[in-house]
Amino acid sequence: MNRPSLLALLVVLLASPIGRSLAAQPSPVLSALEGLYPELDVFYRDLHQNPELSFQEEKTAAKLAERLRKLGFDVTTGVGGTGVVAVLRNGPGPTVMLRTDLDGLPMEEKTGLAYASKVSVKNGEGQTVPVMHACGHDVHMTVWLGTATLLSRKKDQWRGTLMMVGQPAEEIGAGARKMLADGLFKRFPKPDFAVALHNTTAAPAGRVEYVAGYAMAHVDSVDITLYGKGGHGAYPHTTVDPVVMAARLVLSLQTLVSREKHPLEPAVVTVGSIQGGTKHNIIPDEVRLQLTVRSYKPEVRKALLAGIERIAKAEALVSGATRPPDVAVTEGTPATYNDPALTRRLTESLIRTLGEKNVGEAQPVMGGEDFSEYGRAGVPAVMLWLGAVEPQRFQQSRSGGEPLPSLHSSGFIPDRERTLRTGVTALTSSALELLSKP
């Protein structure tokens, strides 16, 4: 007797009102999810109530590891600190890596939800801070677990190796590098493909969007310390004022984007912090600036960083500074590049699954994601955008209504059921497209 495919089995979801909204016609990927959804909803709310900071995700990782072991995966914990790698081998075929991030953010939740986070912990500096899943990593983990569950239950529908990666510390851009340094692609199979989803408030729930090529930016944090000669504010002629030096530097840095870079190459140089001085009438000895620098192409990134150092040194020299400035790149995340051929393949599959009206092309953004590290390590990779806003609320906002809370907002909360169902559908569909069929 022929067994129904997992794609066909998932269609039971369409019996629900939310399921019917996902596709214009019965979808081949949606069904075993219907019985699974209540369990995923409980899991999501538990994750949301109990977020953990970057590299502190011990309990979160343990929850994922426990469930994947029960599903029959070979699970390794502690990879790159708190990372989880779970491997399910199912005969000859490609190796497909599905990645989720684990960490929350140091901010207080103000959603008013019954399951809102009330967690506070000590950060790396020993300060007590509130923690919230304000970027939707709880969504990502729940979708990831749902996909692993469906694929483990229907191994007769695919062949190859499924590699589930739970990555720590995405929010500080360090987890992917640390997992790779800990032998992610040496201790475990090197994937033929890597796929991830990231929820977004730029699309309604029920919709999946894609970008081929550069999708997210290089993100570099630059710290600059300018040195002057402090003194009394009433006698500026006896000083070298680093506050004035900093003011000129902020304006001069903008010419890197407006005058030194090709106008069609995206780039951002933002001075997000200036700190110096203690009192109205005291000229300080030094001023510190913190910058975020965004770009897509490596050559643009290189030129921006070199230009920042050059301009900072020039401003110090023309001001008669007592010493050259300190300029340091303290954090960096490479640009996320979605493999065009893989993007096209997955997009075609998603259109068949969700319906053409629920899949569309997005614009590249200047945000950053360390999922980019896996592509740089030689694996064709794609990150898809998962809409997370209740559709009517999304349309009202776009029509001039109340602005939506963004990611990293204390008021961010996804349209839970529709977002989770669509995410599991999309990620499962993508995995099945890449894993060779029996």
# chains A, B, ... in the order shown; residues from 1 in each chain; ligands from 1
$ residues_around --residues "stretch 230-233 of chain A" --least-positions-apart "2" --cutoff "7 Å" --atoms "only C-alpha atoms" --output "PyMOL selection string"
chain A and resi 228+235-236+239-241+281-285
$ write_last_selection --atoms "N, CA and C atoms" --output "compact mmCIF listing (two decimals), in the first residue's frame"
# COMPACT_ATOMS: atom_id res chain seq x y z
N GLY A 228 43.04 64.73 24.33
CA GLY A 228 43.32 66.15 24.30
C GLY A 228 44.13 66.57 25.51
N TYR A 235 39.20 78.97 30.09
CA TYR A 235 40.51 79.24 29.49
C TYR A 235 40.82 78.20 28.41
N PRO A 236 39.98 78.12 27.38
CA PRO A 236 40.15 77.07 26.37
C PRO A 236 41.47 77.16 25.63
N THR A 239 44.10 74.65 26.55
CA THR A 239 43.74 73.24 26.42
C THR A 239 43.80 72.79 24.97
N VAL A 240 43.67 71.48 24.77
CA VAL A 240 43.36 70.89 23.47
C VAL A 240 42.03 70.16 23.68
N ASP A 241 40.97 70.70 23.12
CA ASP A 241 39.62 70.27 23.48
C ASP A 241 39.19 69.03 22.68
N ASN A 281 32.08 73.25 33.22
CA ASN A 281 33.22 74.15 33.01
C ASN A 281 34.57 73.43 33.04
N ILE A 282 34.54 72.13 32.74
CA ILE A 282 35.79 71.37 32.68
C ILE A 282 35.95 70.78 31.28
N ILE A 283 37.01 71.14 30.61
CA ILE A 283 37.35 70.50 29.34
C ILE A 283 38.08 69.21 29.66
N PRO A 284 37.59 68.05 29.17
CA PRO A 284 38.17 66.77 29.58
C PRO A 284 39.47 66.45 28.84
N ASP A 285 40.15 65.45 29.35
CA ASP A 285 41.38 64.97 28.71
C ASP A 285 41.09 64.08 27.51
$ select_by_dssp --residues "stretch 252-438 of chain A" --states "strand (DSSP E)" --output "ChimeraX atom specification"
/A:267-275,282-283,286-295,326-333,336-338,359-361,381-389
$ closest_atom_pairs --of "stretch 144-220 of chain A" --to "stretch 350-359 of chain A" --cutoff "10 Å" --atoms "only C-alpha atoms" --output "Markdown table"
| residue | atom | partner | partner_atom | distance |
| --- | --- | --- | --- | --- |
| A:Pro204 | CA | A:Asn358 | CA | 9.3 |
| A:Ala205 | CA | A:Asn358 | CA | 9.4 |
| A:Gly206 | CA | A:Asn358 | CA | 6.6 |
| A:Arg207 | CA | A:Asn358 | CA | 4.5 |
| A:Val208 | CA | A:Val359 | CA | 5.0 |
| A:Glu209 | CA | A:Val359 | CA | 5.6 |
| A:Tyr210 | CA | A:Val359 | CA | 8.0 |
$ write_last_selection --atoms "N, CA and C atoms" --output "tab-separated table (two decimals), in the first residue's frame"
chain	number	residue	atom	x	y	z
A	204	PRO	N	3.43	40.18	7.15
A	204	PRO	CA	2.37	39.61	7.99
A	204	PRO	C	2.61	38.13	8.26
A	205	ALA	N	2.09	37.65	9.36
A	205	ALA	CA	2.16	36.22	9.65
A	205	ALA	C	1.42	35.45	8.56
A	206	GLY	N	1.96	34.29	8.20
A	206	GLY	CA	1.42	33.51	7.10
A	206	GLY	C	2.21	33.70	5.82
A	207	ARG	N	3.15	34.66	5.82
A	207	ARG	CA	3.92	34.96	4.63
A	207	ARG	C	5.41	34.68	4.88
A	208	VAL	N	6.08	34.15	3.86
A	208	VAL	CA	7.52	33.92	3.89
A	208	VAL	C	8.15	34.73	2.76
A	209	GLU	N	9.26	35.41	3.07
A	209	GLU	CA	9.93	36.24	2.07
A	209	GLU	C	11.39	35.84	1.94
A	210	TYR	N	11.99	36.22	0.83
A	210	TYR	CA	13.35	35.79	0.52
A	210	TYR	C	14.12	36.94	-0.12
$ residues_around --residues "A:Met164" --least-positions-apart "5" --cutoff "8 Å" --atoms "only C-alpha atoms" --output "list in words"
Val84, Val85, Ala86, Val87, Met97, Leu98, Arg99, Trp144 and Ala148 of chain A
$ residues_around --residues "stretch 166-181 of chain A" --least-positions-apart "5" --cutoff "7 Å" --atoms "only C-alpha atoms" --output "PDB file with C-alpha atoms, in the first residue's frame"
ATOM      1  CA  SER A  54      24.157  34.925  25.190  1.00  0.00           C
ATOM      2  CA  PHE A  55      26.434  32.063  26.263  1.00  0.00           C
ATOM      3  CA  GLU A  57      21.658  29.313  27.460  1.00  0.00           C
ATOM      4  CA  VAL A  79      29.492  22.778  21.259  1.00  0.00           C
ATOM      5  CA  GLY A  80      30.974  26.267  21.158  1.00  0.00           C
ATOM      6  CA  THR A  82      26.188  26.140  24.985  1.00  0.00           C
ATOM      7  CA  GLY A  83      25.508  24.976  21.434  1.00  0.00           C
ATOM      8  CA  VAL A  84      23.551  21.846  20.519  1.00  0.00           C
ATOM      9  CA  VAL A  85      24.191  19.623  17.498  1.00  0.00           C
ATOM     10  CA  ARG A  99      19.927  26.262  12.423  1.00  0.00           C
ATOM     11  CA  THR A 100      18.199  28.069  15.255  1.00  0.00           C
ATOM     12  CA  ASP A 101      19.566  30.677  17.645  1.00  0.00           C
ATOM     13  CA  LEU A 102      19.027  30.350  21.405  1.00  0.00           C
ATOM     14  CA  ASP A 103      19.632  33.638  23.227  1.00  0.00           C
ATOM     15  CA  THR A 333      29.659  40.024  11.844  1.00  0.00           C
ATOM     16  CA  GLU A 369      23.265  37.972  11.543  1.00  0.00           C
ATOM     17  CA  ASP A 370      26.080  35.562  12.292  1.00  0.00           C
ATOM     18  CA  PHE A 371      24.327  32.834  10.284  1.00  0.00           C
ATOM     19  CA  GLU A 373      29.540  32.513   9.097  1.00  0.00           C
TER      20      GLU A 373
END
$ closest_residue --among "A:Lys155, A:Arg67, A:Arg421, A:Lys190" --to "A:Pro94" --atoms "only C-alpha atoms"
A:Lys190
$ atom_distance --atom1 "atom CA of A:Leu435" --atom2 "atom CA of A:Arg159"
5.8 Å
$ residues_around --residues "A:Lys297" --least-positions-apart "3" --cutoff "9 Å" --atoms "only C-alpha atoms" --output "PyMOL selection string"
chain A and resi 214+217-218+265-266+300-302+335
$ write_last_selection --atoms "C-alpha atoms" --output "compact mmCIF listing (two decimals), in the first residue's frame"
# COMPACT_ATOMS: atom_id res chain seq x y z
CA TYR A 214 23.30 39.94 -0.09
CA ALA A 217 25.03 43.58 6.17
CA HIS A 218 28.52 43.37 7.54
CA GLU A 265 26.96 50.61 -2.83
CA PRO A 266 24.99 50.54 0.45
CA VAL A 300 33.38 48.51 0.89
CA ARG A 301 33.79 47.24 4.45
CA LYS A 302 37.57 47.43 4.17
CA ALA A 335 27.35 40.04 5.60
$ closest_residue --among "A:Pro191, A:Gly272, A:Gly183, A:Pro334" --to "A:Gly81" --atoms "only C-alpha atoms"
A:Gly183
$ atom_distance --atom1 "atom CA of A:Ser120" --atom2 "atom CA of A:Pro405"
22.1 Å
$ residues_around --residues "A:Ala431" --least-positions-apart "5" --cutoff "10 Å" --atoms "only C-alpha atoms" --output "PyMOL selection string"
chain A and resi 95-98+147-148+151+158+162+193-195+346+426+436
$ residues_around --residues "stretch 385-387 of chain A" --least-positions-apart "5" --cutoff "12 Å" --atoms "only C-alpha atoms" --output "VMD selection string"
chain A and resid 22 136 to 137 139 to 140 143 195 to 212 215 to 216 338 343 347 350 358 to 365 394 407 413 to 427
$ atom_distance --atom1 "atom CA of A:Arg153" --atom2 "atom CA of A:Arg69"
13.2 Å
$ select_by_dssp --residues "stretch 43-187 of chain A" --states "helix (DSSP H, G or I)" --output "PyMOL selection string"
chain A and resi 43-49+58-70+137-153+155-157+175-181+184-187
